[in-house]
>>> print(open('final-v3.cif').read())   # mmCIF, C-alpha atoms
data_upload
loop_
_atom_site.label_atom_id
_atom_site.label_comp_id
_atom_site.auth_asym_id
_atom_site.auth_seq_id
_atom_site.Cartn_x
_atom_site.Cartn_y
_atom_site.Cartn_z
CA MET B 1 -104.84 80.21 76.08
CA ALA B 2 -105.97 78.83 79.42
CA LYS B 3 -109.22 80.30 80.61
CA THR B 4 -109.13 82.42 83.73
CA ASN B 5 -112.84 82.35 84.57
CA GLN B 6 -115.59 79.80 84.76
CA TYR B 7 -119.33 80.39 84.71
CA CYS B 8 -122.38 78.80 86.23
CA VAL B 9 -126.05 79.56 86.69
CA ALA B 10 -127.32 79.45 90.26
CA GLU B 11 -130.21 81.21 91.94
CA ASN B 12 -129.14 83.38 94.87
CA TRP B 13 -131.26 82.11 97.77
CA GLY B 14 -130.03 84.87 100.08
CA LYS B 15 -128.26 84.39 103.39
CA GLY B 16 -125.51 81.80 103.10
CA PHE B 17 -125.43 81.70 99.30
CA ILE B 18 -122.02 83.35 99.53
CA ASP B 19 -120.53 83.51 103.02
CA HIS B 20 -117.76 85.77 104.28
CA ASN B 21 -115.18 82.98 104.12
CA GLU B 22 -116.00 82.20 100.50
CA SER B 23 -116.05 85.87 99.61
CA SER B 24 -112.59 86.38 101.09
CA LYS B 25 -111.18 83.50 99.01
CA ILE B 26 -113.06 83.81 95.72
CA ASN B 27 -113.51 86.77 93.39
CA PHE B 28 -117.24 86.62 92.60
CA SER B 29 -119.01 88.51 89.88
CA GLY B 30 -122.77 88.21 89.87
CA LEU B 31 -124.32 88.91 86.47
CA PRO B 32 -127.83 89.26 85.07
CA GLY B 33 -129.72 86.01 84.60
CA ASN B 34 -128.32 84.39 87.76
CA VAL B 35 -124.99 83.94 85.98
CA TRP B 36 -121.96 83.81 88.28
CA GLN B 37 -118.35 84.29 87.22
CA VAL B 38 -115.68 82.78 89.46
CA PRO B 39 -112.03 81.89 88.89
CA ALA B 40 -111.24 78.81 86.82
CA HIS B 41 -108.97 76.06 88.13
CA ASN B 42 -109.75 77.10 91.69
CA LYS B 43 -110.61 74.57 94.38
CA ASP B 44 -112.57 77.00 96.52
CA ALA B 45 -114.59 78.18 93.51
CA ASN B 46 -115.34 74.59 92.53
CA LEU B 47 -116.50 73.80 96.06
CA TRP B 48 -118.77 76.84 96.02
CA ILE B 49 -120.31 75.84 92.67
CA ASN B 50 -121.06 72.42 94.15
CA LYS B 51 -122.56 74.00 97.26
CA VAL B 52 -124.98 76.19 95.35
CA LEU B 53 -125.76 73.46 92.82
CA GLY B 54 -124.51 75.71 90.06
CA VAL B 55 -125.09 74.56 86.50
CA PRO B 56 -121.78 75.03 84.62
CA LYS B 57 -121.91 77.11 81.44
CA THR B 58 -119.32 77.85 78.80
CA ARG B 59 -118.43 81.48 78.34
CA ASP B 60 -120.55 81.62 75.17
CA GLU B 61 -123.54 80.05 76.91
CA ALA B 62 -123.20 82.45 79.82
CA GLN B 63 -122.81 85.37 77.43
CA ALA B 64 -126.05 84.42 75.68
CA ILE B 65 -127.95 84.39 79.00
CA VAL B 66 -126.52 87.75 80.04
CA ASP B 67 -127.20 89.24 76.60
CA ALA B 68 -130.84 88.20 76.78
CA GLU B 69 -131.25 89.93 80.14
CA VAL B 70 -129.41 93.06 79.05
CA ASN B 71 -131.28 93.23 75.74
CA ALA B 72 -134.58 93.06 77.62
CA ALA B 73 -133.48 95.85 79.96
CA GLN B 74 -132.30 97.94 77.00
CA ALA B 75 -135.62 97.42 75.21
CA ALA B 76 -137.49 98.50 78.35
CA TRP B 77 -135.32 101.60 78.58
CA ASP B 78 -135.79 102.38 74.87
CA ALA B 79 -139.56 102.17 75.37
CA LEU B 80 -139.51 104.87 78.04
CA PRO B 81 -140.97 108.21 77.00
CA ASP B 82 -138.31 110.82 76.35
CA ALA B 83 -139.25 112.50 79.60
CA GLY B 84 -138.30 109.34 81.42
CA LYS B 85 -134.78 109.29 80.04
CA ALA B 86 -133.41 112.75 80.80
CA PRO B 87 -132.82 115.20 82.26
CA ALA B 88 -135.31 114.82 85.12
CA VAL B 89 -133.99 111.37 85.89
CA GLU B 90 -130.34 112.13 85.21
CA GLY B 91 -128.21 109.09 85.71
CA ASN B 92 -130.89 106.79 84.36
CA THR B 93 -128.74 105.71 81.45
CA ARG B 94 -129.41 102.97 78.95
CA PRO B 95 -128.20 99.64 80.37
CA ALA B 96 -124.73 98.92 79.06
CA ASP B 97 -123.70 95.77 77.23
CA ILE B 98 -121.75 93.30 79.34
CA THR B 99 -118.95 91.31 77.73
CA LEU B 100 -117.77 88.26 79.61
CA GLU B 101 -114.10 87.39 79.76
CA GLU B 102 -112.77 83.97 78.80
CA MET N 1 -81.45 79.88 124.01
CA ALA N 2 -83.36 83.04 123.27
CA THR N 3 -86.36 83.66 125.50
CA TYR N 4 -89.52 85.64 124.85
CA LYS N 5 -88.61 88.01 127.67
CA GLY N 6 -85.14 88.40 126.25
CA ILE N 7 -86.54 89.35 122.85
CA GLN N 8 -89.54 91.42 123.90
CA GLY N 9 -88.25 92.82 127.17
CA PHE N 10 -91.20 91.51 129.16
CA GLY N 11 -92.68 88.15 130.03
CA ILE N 12 -95.88 86.48 128.91
CA GLN N 13 -98.89 87.09 131.15
CA ASN N 14 -100.46 84.10 132.85
CA VAL N 15 -104.22 84.46 132.56
CA ALA N 16 -107.07 82.11 133.44
CA GLY N 17 -108.91 82.34 130.13
CA ASP N 18 -108.89 84.42 126.95
CA PRO N 19 -109.30 88.06 127.93
CA THR N 20 -109.56 90.93 125.49
CA PHE N 21 -106.09 91.68 124.19
CA ASN N 22 -104.87 93.74 121.27
CA GLU N 23 -104.03 92.09 117.97
CA GLY N 24 -100.60 90.43 118.11
CA GLN N 25 -100.48 90.05 121.89
CA VAL N 26 -99.49 86.70 123.38
CA TRP N 27 -100.56 85.20 126.73
CA TYR N 28 -100.65 81.88 128.58
CA ASN N 29 -104.11 80.48 129.26
CA SER N 30 -103.73 78.63 132.55
CA SER N 31 -107.19 77.11 132.23
CA THR N 32 -106.34 75.27 129.02
CA SER N 33 -102.57 75.11 129.60
CA SER N 34 -101.90 76.67 126.21
CA PHE N 35 -100.14 79.67 124.77
CA LYS N 36 -102.53 82.01 122.95
CA LEU N 37 -102.20 84.70 120.31
CA ASN N 38 -104.75 87.35 119.38
CA LYS N 39 -104.66 87.09 115.62
CA GLN N 40 -106.65 88.64 112.80
CA ILE N 41 -108.34 85.60 111.30
CA THR N 42 -110.42 87.21 108.60
CA THR N 43 -110.10 90.11 106.26
CA GLY N 44 -113.11 92.33 105.75
CA ALA N 45 -115.46 90.53 103.42
CA TRP N 46 -118.90 90.61 101.84
CA ALA N 47 -121.51 87.88 102.02
CA THR N 48 -124.99 87.56 100.62
CA GLY N 49 -127.75 88.60 102.99
CA GLY N 50 -131.38 87.61 102.98
CA ASN N 51 -133.28 88.45 99.82
CA LEU N 52 -135.96 91.13 99.92
CA ASN N 53 -139.44 89.78 99.37
CA ASN N 54 -139.90 92.43 96.68
CA SER N 55 -137.18 93.55 94.29
CA ALA N 56 -136.53 97.27 94.59
CA MET N 57 -134.22 100.03 93.43
CA ARG N 58 -134.20 103.77 94.26
CA LEU N 59 -135.60 102.82 97.69
CA GLY N 60 -135.28 104.16 101.22
CA SER N 61 -133.68 102.42 104.17
CA ALA N 62 -132.73 102.77 107.82
CA GLY N 63 -131.22 100.75 110.63
CA THR N 64 -128.37 98.31 110.97
CA GLN N 65 -127.09 95.13 109.36
CA THR N 66 -129.12 93.00 111.79
CA ALA N 67 -132.14 95.28 112.23
CA ALA N 68 -132.91 97.10 109.02
CA LEU N 69 -135.88 98.76 107.37
CA ALA N 70 -136.44 99.09 103.61
CA PHE N 71 -139.33 100.90 102.00
CA ALA N 72 -140.80 102.21 98.74
CA GLY N 73 -138.67 102.41 95.57
CA GLN N 74 -139.17 101.18 92.03
CA GLU N 75 -139.69 97.75 90.46
CA PRO N 76 -140.02 98.83 87.65
CA GLY N 77 -142.82 101.28 88.54
CA PRO N 78 -142.99 103.04 91.93
CA ILE N 79 -143.81 100.74 94.86
CA ASN N 80 -144.81 101.23 98.49
CA HIS N 81 -143.67 98.03 100.22
CA THR N 82 -142.15 98.15 103.70
CA GLU N 83 -139.88 95.32 104.82
CA THR N 84 -137.93 94.64 108.01
CA TYR N 85 -134.70 92.60 108.30
CA ASN N 86 -133.50 90.61 111.29
CA GLY N 87 -130.04 89.76 109.99
CA THR N 88 -131.31 86.64 108.25
CA SER N 89 -134.56 87.29 106.44
CA TRP N 90 -136.92 90.09 105.44
CA SER N 91 -140.49 90.28 106.68
CA ASP N 92 -143.57 92.29 105.82
CA PRO N 93 -144.58 94.30 108.91
CA GLY N 94 -148.00 94.88 107.38
CA ALA N 95 -147.71 98.63 106.91
CA ASN N 96 -146.98 99.98 103.45
CA TYR N 97 -145.19 103.29 102.93
CA PRO N 98 -147.90 105.94 102.51
CA ALA N 99 -147.02 106.55 98.85
CA SER N 100 -145.69 104.56 95.93
CA ILE N 101 -142.58 106.59 95.25
CA ASP N 102 -138.93 106.21 94.28
CA ASP N 103 -135.76 108.27 94.63
CA LEU N 104 -136.62 109.01 98.26
CA THR N 105 -134.29 108.75 101.24
CA GLY N 106 -134.59 107.22 104.67
CA SER N 107 -132.71 107.47 107.95
CA GLY N 108 -133.02 106.29 111.52
CA SER N 109 -133.45 102.84 112.98
CA GLN N 110 -135.73 99.89 112.37
CA THR N 111 -138.05 101.10 115.13
CA SER N 112 -137.75 104.88 114.64
CA ALA N 113 -137.19 106.13 111.12
CA LEU N 114 -138.08 108.82 108.62
CA GLY N 115 -138.76 108.58 104.90
CA TYR N 116 -138.63 111.85 102.97
CA GLY N 117 -138.63 113.40 99.52
CA GLY N 118 -138.67 111.40 96.30
CA ALA N 119 -139.42 111.56 92.60
CA SER N 120 -141.02 114.60 90.95
CA GLY N 121 -139.76 116.90 93.65
CA ALA N 122 -141.70 115.32 96.48
CA THR N 123 -141.58 117.09 99.83
CA ALA N 124 -143.56 114.58 101.88
CA THR N 125 -142.05 113.24 105.09
CA ASN N 126 -143.31 110.12 106.82
CA SER N 127 -142.47 108.90 110.30
CA TRP N 128 -142.07 105.19 111.19
CA ASN N 129 -142.54 104.07 114.80
CA GLY N 130 -141.69 100.43 114.35
CA SER N 131 -145.13 99.35 113.26
CA SER N 132 -146.80 102.09 111.22
CA TRP N 133 -146.18 105.19 109.11
CA THR N 134 -147.69 108.58 109.85
CA GLY N 135 -147.36 111.87 108.02
CA ALA N 136 -144.86 114.43 109.31
CA PRO N 137 -144.05 118.03 108.32
CA ALA N 138 -142.89 118.33 104.71
CA LEU N 139 -139.45 119.31 103.45
CA ASN N 140 -139.12 123.00 102.57
CA VAL N 141 -138.11 122.12 99.00
CA GLY N 142 -138.45 118.94 96.99
CA HIS N 143 -135.47 116.59 96.89
CA GLU N 144 -135.00 113.49 94.73
CA GLN N 145 -131.90 111.35 94.14
CA PHE N 146 -130.47 112.92 97.29
CA ALA N 147 -128.97 111.78 100.57
CA GLY N 148 -129.95 111.82 104.19
CA ALA N 149 -128.67 111.01 107.64
CA GLY N 150 -130.03 110.74 111.13
CA PRO N 151 -130.61 108.44 114.09
CA SER N 152 -134.38 108.40 114.53
CA ASN N 153 -137.76 109.76 113.51
CA THR N 154 -137.06 112.96 115.44
CA ALA N 155 -133.74 113.99 113.89
CA ALA N 156 -132.51 113.93 110.28
CA LEU N 157 -130.53 115.85 107.70
CA ALA N 158 -131.45 115.97 103.98
CA PHE N 159 -128.95 117.23 101.41
CA GLY N 160 -128.31 117.46 97.67
CA GLY N 161 -130.57 116.09 94.96
CA ASN N 162 -131.86 116.62 91.48
CA THR N 163 -135.16 118.42 91.25
CA GLY N 164 -135.34 120.60 88.17
CA GLY N 165 -131.61 121.19 88.55
CA TYR N 166 -128.88 119.85 90.73
CA GLN N 167 -129.21 120.85 94.36
CA SER N 168 -126.90 121.93 97.14
CA ALA N 169 -129.82 122.55 99.51
CA CYS N 170 -129.60 121.15 103.02
CA GLU N 171 -132.39 120.83 105.57
CA GLN N 172 -132.39 119.63 109.16
CA TYR N 173 -135.35 117.92 110.86
CA ASN N 174 -136.18 118.11 114.54
CA GLY N 175 -139.96 117.83 114.28
CA SER N 176 -140.02 120.16 111.28
CA TRP N 177 -137.52 120.97 108.56
CA THR N 178 -135.24 124.01 108.79
CA ASN N 179 -132.99 125.21 105.99
CA ARG N 180 -129.33 124.85 106.84
CA PRO N 181 -126.17 126.07 105.05
CA THR N 182 -125.95 124.66 101.55
CA MET N 183 -123.37 122.14 100.42
CA ASN N 184 -120.31 123.50 98.66
CA SER N 185 -121.35 121.84 95.42
CA ALA N 186 -124.71 120.87 93.93
CA ARG N 187 -124.88 117.11 93.42
CA PHE N 188 -127.34 114.27 92.97
CA GLY N 189 -126.99 110.52 93.41
CA LEU N 190 -124.56 111.10 96.25
CA GLY N 191 -124.03 108.96 99.33
CA GLY N 192 -124.91 110.22 102.79
CA ALA N 193 -124.46 108.94 106.33
CA GLY N 194 -124.10 110.07 109.91
CA THR N 195 -126.44 112.02 112.13
CA SER N 196 -128.50 115.18 111.78
CA THR N 197 -125.63 117.21 113.26
CA LEU N 198 -122.57 115.32 112.00
CA ALA N 199 -122.97 114.01 108.47
CA ILE N 200 -120.86 112.97 105.49
CA ALA N 201 -121.73 113.44 101.79
CA ALA N 202 -119.66 111.69 99.15
CA GLY N 203 -119.63 111.35 95.38
CA GLY N 204 -122.57 112.05 93.12
CA GLY N 205 -123.24 113.66 89.79
CA TYR N 206 -122.76 117.32 89.27
CA GLU N 207 -123.75 120.13 86.95
CA PRO N 208 -121.64 119.98 83.79
CA GLY N 209 -119.42 123.02 83.72
CA ALA N 210 -119.95 123.65 87.42
CA GLY N 211 -116.25 123.52 88.09
CA SER N 212 -113.72 120.85 88.77
CA SER N 213 -114.21 117.48 87.14
CA ASP N 214 -113.28 116.09 90.54
CA LEU N 215 -116.67 117.06 91.96
CA GLY N 216 -117.89 113.50 91.44
CA MET N 217 -115.21 112.43 93.86
CA GLN N 218 -115.91 115.20 96.35
CA THR N 219 -116.49 114.55 100.04
CA GLU N 220 -118.06 117.08 102.38
CA LEU N 221 -118.56 116.93 106.14
CA TYR N 222 -121.41 118.67 107.96
CA ASN N 223 -121.20 119.97 111.50
CA GLY N 224 -123.50 122.96 111.21
CA SER N 225 -121.95 123.94 107.89
CA TRP N 226 -120.27 121.98 105.11
CA THR N 227 -116.51 121.56 104.73
CA THR N 228 -114.89 120.00 101.68
CA VAL N 229 -112.38 117.32 102.65
CA ASN N 230 -110.32 114.65 100.88
CA ARG N 231 -111.96 113.23 97.81
CA LEU N 232 -112.92 109.67 96.91
CA VAL N 233 -110.40 107.25 95.40
CA SER N 234 -112.52 107.21 92.23
CA PRO N 235 -115.87 108.77 91.29
CA ARG N 236 -119.13 107.21 92.42
CA LEU N 237 -122.72 107.95 91.46
CA SER N 238 -126.03 106.48 92.61
CA TRP N 239 -124.30 104.55 95.37
CA SER N 240 -124.70 104.02 99.09
CA ILE N 241 -122.51 104.78 102.06
CA ALA N 242 -122.92 103.68 105.67
CA GLY N 243 -121.34 104.82 108.91
CA THR N 244 -120.30 108.11 110.43
CA THR N 245 -118.09 111.10 109.70
CA THR N 246 -115.15 109.23 111.22
CA ALA N 247 -115.67 105.73 109.78
CA CYS N 248 -117.68 105.08 106.68
CA LEU N 249 -118.02 102.45 103.95
CA GLY N 250 -118.88 103.25 100.33
CA MET N 251 -120.61 100.53 98.35
CA SER N 252 -121.07 99.70 94.65
CA GLY N 253 -122.72 102.28 92.33
CA TYR N 254 -121.65 103.78 89.03
CA ASP N 255 -117.88 104.01 88.80
CA SER N 256 -118.02 107.23 86.84
CA THR N 257 -120.02 110.42 87.01
CA SER N 258 -119.56 111.39 83.37
CA ASN N 259 -121.71 109.44 80.95
CA PRO N 260 -122.19 106.64 83.47
CA GLY N 261 -122.76 103.15 82.23
CA ALA N 262 -120.63 100.71 84.14
CA THR N 263 -121.23 99.80 87.75
CA THR N 264 -118.66 98.50 90.17
CA THR N 265 -118.23 96.02 93.00
CA ALA N 266 -115.38 98.01 94.50
CA THR N 267 -115.65 99.19 98.10
CA GLN N 268 -114.16 102.38 99.51
CA SER N 269 -113.43 103.09 103.17
CA TRP N 270 -113.34 106.49 104.93
CA ASN N 271 -111.34 106.78 108.16
CA GLY N 272 -112.26 110.34 109.06
CA THR N 273 -109.42 111.75 107.00
CA CYS N 274 -109.17 109.97 103.68
CA TRP N 275 -110.77 107.34 101.45
CA THR N 276 -108.93 104.16 100.53
CA THR N 277 -109.87 101.19 98.39
CA ASN N 278 -111.10 98.39 100.62
CA PRO N 279 -109.75 95.03 99.42
CA ALA N 280 -113.19 93.45 99.78
CA THR N 281 -115.50 93.58 96.77
CA ASN N 282 -119.19 92.77 96.80
CA SER N 283 -120.45 90.13 94.41
CA VAL N 284 -123.02 91.96 92.28
CA ALA N 285 -122.30 95.37 90.74
CA ARG N 286 -125.35 97.56 91.14
CA LYS N 287 -126.64 101.13 91.35
CA TYR N 288 -129.66 102.90 92.89
CA THR N 289 -129.16 100.87 96.06
CA ALA N 290 -130.00 101.60 99.65
CA GLY N 291 -127.50 101.12 102.42
CA CYS N 292 -127.40 101.19 106.19
CA GLY N 293 -125.37 100.05 109.16
CA THR N 294 -121.82 100.95 110.07
CA SER N 295 -118.43 100.88 108.40
CA ALA N 296 -117.76 97.57 110.17
CA ALA N 297 -121.16 95.99 109.59
CA ALA N 298 -122.91 97.44 106.56
CA LEU N 299 -125.91 96.28 104.58
CA LEU N 300 -126.32 96.91 100.84
CA ILE N 301 -129.96 96.60 99.79
CA GLY N 302 -131.54 96.04 96.38
CA GLY N 303 -130.63 98.24 93.43
CA GLU N 304 -130.49 97.80 89.66
CA ILE N 305 -128.22 95.28 87.94
CA PRO N 306 -130.00 95.98 85.27
CA GLY N 307 -133.57 95.50 86.40
CA ALA N 308 -134.41 95.79 90.08
CA THR N 309 -132.93 93.08 92.30
CA ASN N 310 -134.05 91.63 95.63
CA ALA N 311 -130.49 90.70 96.59
CA THR N 312 -128.75 92.17 99.62
CA GLU N 313 -125.13 91.91 100.71
CA GLU N 314 -123.52 92.25 104.11
CA PHE N 315 -120.04 93.63 104.79
CA SER N 316 -118.18 92.58 107.92
CA ALA N 317 -114.92 94.13 109.04
CA PRO N 318 -111.85 92.09 109.92
CA ALA N 319 -112.24 90.16 113.14
CA ASN N 320 -109.66 89.10 115.72
CA SER N 321 -109.73 85.86 117.64
CA ALA N 322 -107.64 84.05 120.23
CA VAL N 323 -105.81 81.21 118.53
CA THR N 324 -103.72 78.52 120.22
CA ILE N 325 -100.03 78.53 119.45
CA THR N 326 -98.71 75.10 118.54
CA THR N 327 -95.27 73.83 117.63
CA SER N 328 -96.37 72.56 114.23
#
>>> encode(input="final-v3.cif", output="structure tokens")
Amino acid sequence: MAKTNQYCVAENWGKGFIDHNESSKINFSGLPGNVWQVPAHNKDANLWINKVLGVPKTRDEAQAIVDAEVNAAQAAWDALPDAGKAPAVEGNTRPADITLEE
Amino acid sequence: MATYKGIQGFGIQNVAGDPTFNEGQVWYNSSTSSFKLNKQITTGAWATGGNLNNSAMRLGSAGTQTAALAFAGQEPGPINHTETYNGTSWSDPGANYPASIDDLTGSGSQTSALGYGGASGATATNSWNGSSWTGAPALNVGHEQFAGAGPSNTAALAFGGNTGGYQSACEQYNGSWTNRPTMNSARFGLGGAGTSTLAIAAGGGYEPGAGSSDLGMQTELYNGSWTTVNRLVSPRLSWSIAGTTTACLGMSGYDSTSNPGATTTATQSWNGTCWTTNPATNSVARKYTAGCGTSAAALLIGGEIPGATNATEEFSAPANSAVTITTS
């Protein structure tokens, strides 16, 4: 099955990293670990990856980077005292796993 | 041969230049000898803004997309940084917020703002004059994970929260805080925008068993008292909204108020009557953000993705421009 997404690692430098024109053409998904998901087989997405000097990653490689970040956040949450989890800070839920799409 | 006048019933204006016309209008620019059309050339879209110098979530903010103020928050412990934004980059004005505190709220402008409330039921209010913070009269009751609205350091409205129970309390500031009519439902992690006299509250978490499961989608408008109006397209919690009671933008946050876990990049727009899904999506799903600006030019600041982030994003509404009509 043809992949629908591609992944790269690129550090968001701030203003101009993604501009309005790019955002209107490309469906971006920024993920933990400076992982970016953009459409595969897409000229505009390829141009953007080149612009930001993105390092291409396979889905599995990207998943491993995201998992490491999420696992660290989950461990930090687990280490909170019970009082820090609920109910005084309602909404402060354990970080959820993120599964990347092919 | 058909003519423009024959089709439209009127001729094309001859104008020396590109005046302000409505979208879709056509004119002849005698200066450039060209036919012109006022066309929408962009859809509303997000772009990355300048990165904060310090990552922060659960922070306070004020101002506009090109002149913003961000202060305090959590990263991962409570922090007291103050930063100012010029539309491109964030700077340290050299005046920390008076306390290291999170879950507070801010309102006003970059040069005249208030920070109030915060974690552990804080009541402290601090006034920003563009260069320094000074203490101001405290809230009547503690508010945390709540919302606020207001134009300056002399006028604000604080509402909702989660301090030993979900809150419907509302207070108005005009040099001191005065209790005002309560919201119709007690909620925390809601979005708030507007002024101290005309404000909008949207989304948020609610007391289990408090009533309709739609409360997390509830919108209320304040004009001296609270009125429940059309609900959100889908629930939001720990999100930010920017604008007024007649035009508002809702940004990111949890996409559910029951057992939240997933965050969203979806944007919702309020037109004074109803919410719709805005086709533009921001790039990084996040919660516990701060937001400021208008529905046409909003700024989404920091948040948790997980872990606090220093990233900001800027929303710009569709723009029209005069384009030259060619035969090709």
>>> interface_residues(input="final-v3.cif", of="chain B", to="chain N", cutoff="7 Å", atoms="all atoms listed in the file", output="ChimeraX atom specification")
/B:13-20,23-24,28-32,70,73,88,91,93,95-96
>>> residues_around(input="final-v3.cif", residues="N:Gly272", least_positions_apart="6", cutoff="8 Å", atoms="all atoms listed in the file", output="list in words")
Thr245, Thr246, Ala247 and Cys248 of chain N
>>> write_last_selection(input="final-v3.cif", atoms="C-alpha atoms", output="mmCIF file, in the coordinates of the input")
data_model
loop_
_atom_site.group_PDB
_atom_site.id
_atom_site.type_symbol
_atom_site.label_atom_id
_atom_site.label_comp_id
_atom_site.auth_asym_id
_atom_site.auth_seq_id
_atom_site.Cartn_x
_atom_site.Cartn_y
_atom_site.Cartn_z
ATOM 1 C CA THR N 245 -118.090 111.100 109.700
ATOM 2 C CA THR N 246 -115.150 109.230 111.220
ATOM 3 C CA ALA N 247 -115.670 105.730 109.780
ATOM 4 C CA CYS N 248 -117.680 105.080 106.680
#
>>> atom_distance(input="final-v3.cif", atom1="atom CA of N:Phe146", atom2="atom CA of N:Asn86")
26.5 Å
>>> residues_around(input="final-v3.cif", residues="B:Cys8", least_positions_apart="4", cutoff="7 Å", atoms="all atoms listed in the file", output="VMD selection string")
chain B and resid 35 to 37 54 to 57
>>> residues_around(input="final-v3.cif", residues="stretch 40-51 of chain B", least_positions_apart="4", cutoff="8 Å", atoms="all atoms listed in the file", output="list in words")
Lys3, Thr4, Asn5, Gln6, Cys8, Glu22, Lys25, Ile26 and Val55 of chain B
>>> residues_around(input="final-v3.cif", residues="N:Glu171", least_positions_apart="2", cutoff="10 Å", atoms="only C-alpha atoms", output="number ranges by chain")
N: 139-141, 148, 156-160, 169, 173, 176-182, 196
>>> residues_around(input="final-v3.cif", residues="N:Ser132", least_positions_apart="3", cutoff="7 Å", atoms="all atoms listed in the file", output="PyMOL selection string")
chain N and resi 95+128-129
>>> residues_near_point(input="final-v3.cif", point="(-132.5, 108.0, 109.5)", cutoff="7 Å", atoms="only C-alpha atoms", output="ChimeraX atom specification")
/N:62,106-109,113-114,149-153,156
>>> residues_near_point(input="final-v3.cif", point="(-131.7, 93.1, 110.6)", cutoff="8 Å", atoms="only C-alpha atoms", output="list in words")
Gly63, Thr64, Gln65, Thr66, Ala67, Ala68, Leu69, Thr84, Tyr85, Asn86, Gly87, Thr88, Ser89 and Trp90 of chain N
>>> resolve_selection(input="final-v3.cif", expression="the PyMOL selection byres ((chain N and resi 249) around 7)", output="list in words")
Ile241, Ala242, Gly243, Cys248, Gly250, Met251, Gln268, Ser269, Trp270 and Ser295 of chain N
>>> resolve_selection(input="final-v3.cif", expression="the PyMOL selection byres ((chain B and resi 59) around 8)", output="VMD selection string")
chain B and resid 6 to 7 57 to 58 60 to 63 100 to 102
>>> atom_distance(input="final-v3.cif", atom1="atom CA of N:Asp102", atom2="atom CA of N:Trp226")
26.7 Å
>>> atom_distance(input="final-v3.cif", atom1="atom CA of N:Ser112", atom2="atom CA of N:Pro137")
15.9 Å
>>> resolve_selection(input="final-v3.cif", expression="the PyMOL selection byres ((chain N and resi 13) around 7)", output="list in words")
Gly11, Ile12, Asn14, Val15, Trp27 and Tyr28 of chain N
>>> write_last_selection(input="final-v3.cif", atoms="C-alpha atoms", output="PDB file, in the coordinates of the input")
ATOM      1  CA  GLY N  11     -92.680  88.150 130.030  1.00  0.00           C
ATOM      2  CA  ILE N  12     -95.880  86.480 128.910  1.00  0.00           C
ATOM      3  CA  ASN N  14    -100.460  84.100 132.850  1.00  0.00           C
ATOM      4  CA  VAL N  15    -104.220  84.460 132.560  1.00  0.00           C
ATOM      5  CA  TRP N  27    -100.560  85.200 126.730  1.00  0.00           C
ATOM      6  CA  TYR N  28    -100.650  81.880 128.580  1.00  0.00           C
TER       7      TYR N  28
END
>>> closest_residue(input="final-v3.cif", among="N:Asn80, N:Asn174, N:Ser30, N:Thr3", to="N:Ala16", atoms="only C-alpha atoms")
N:Ser30
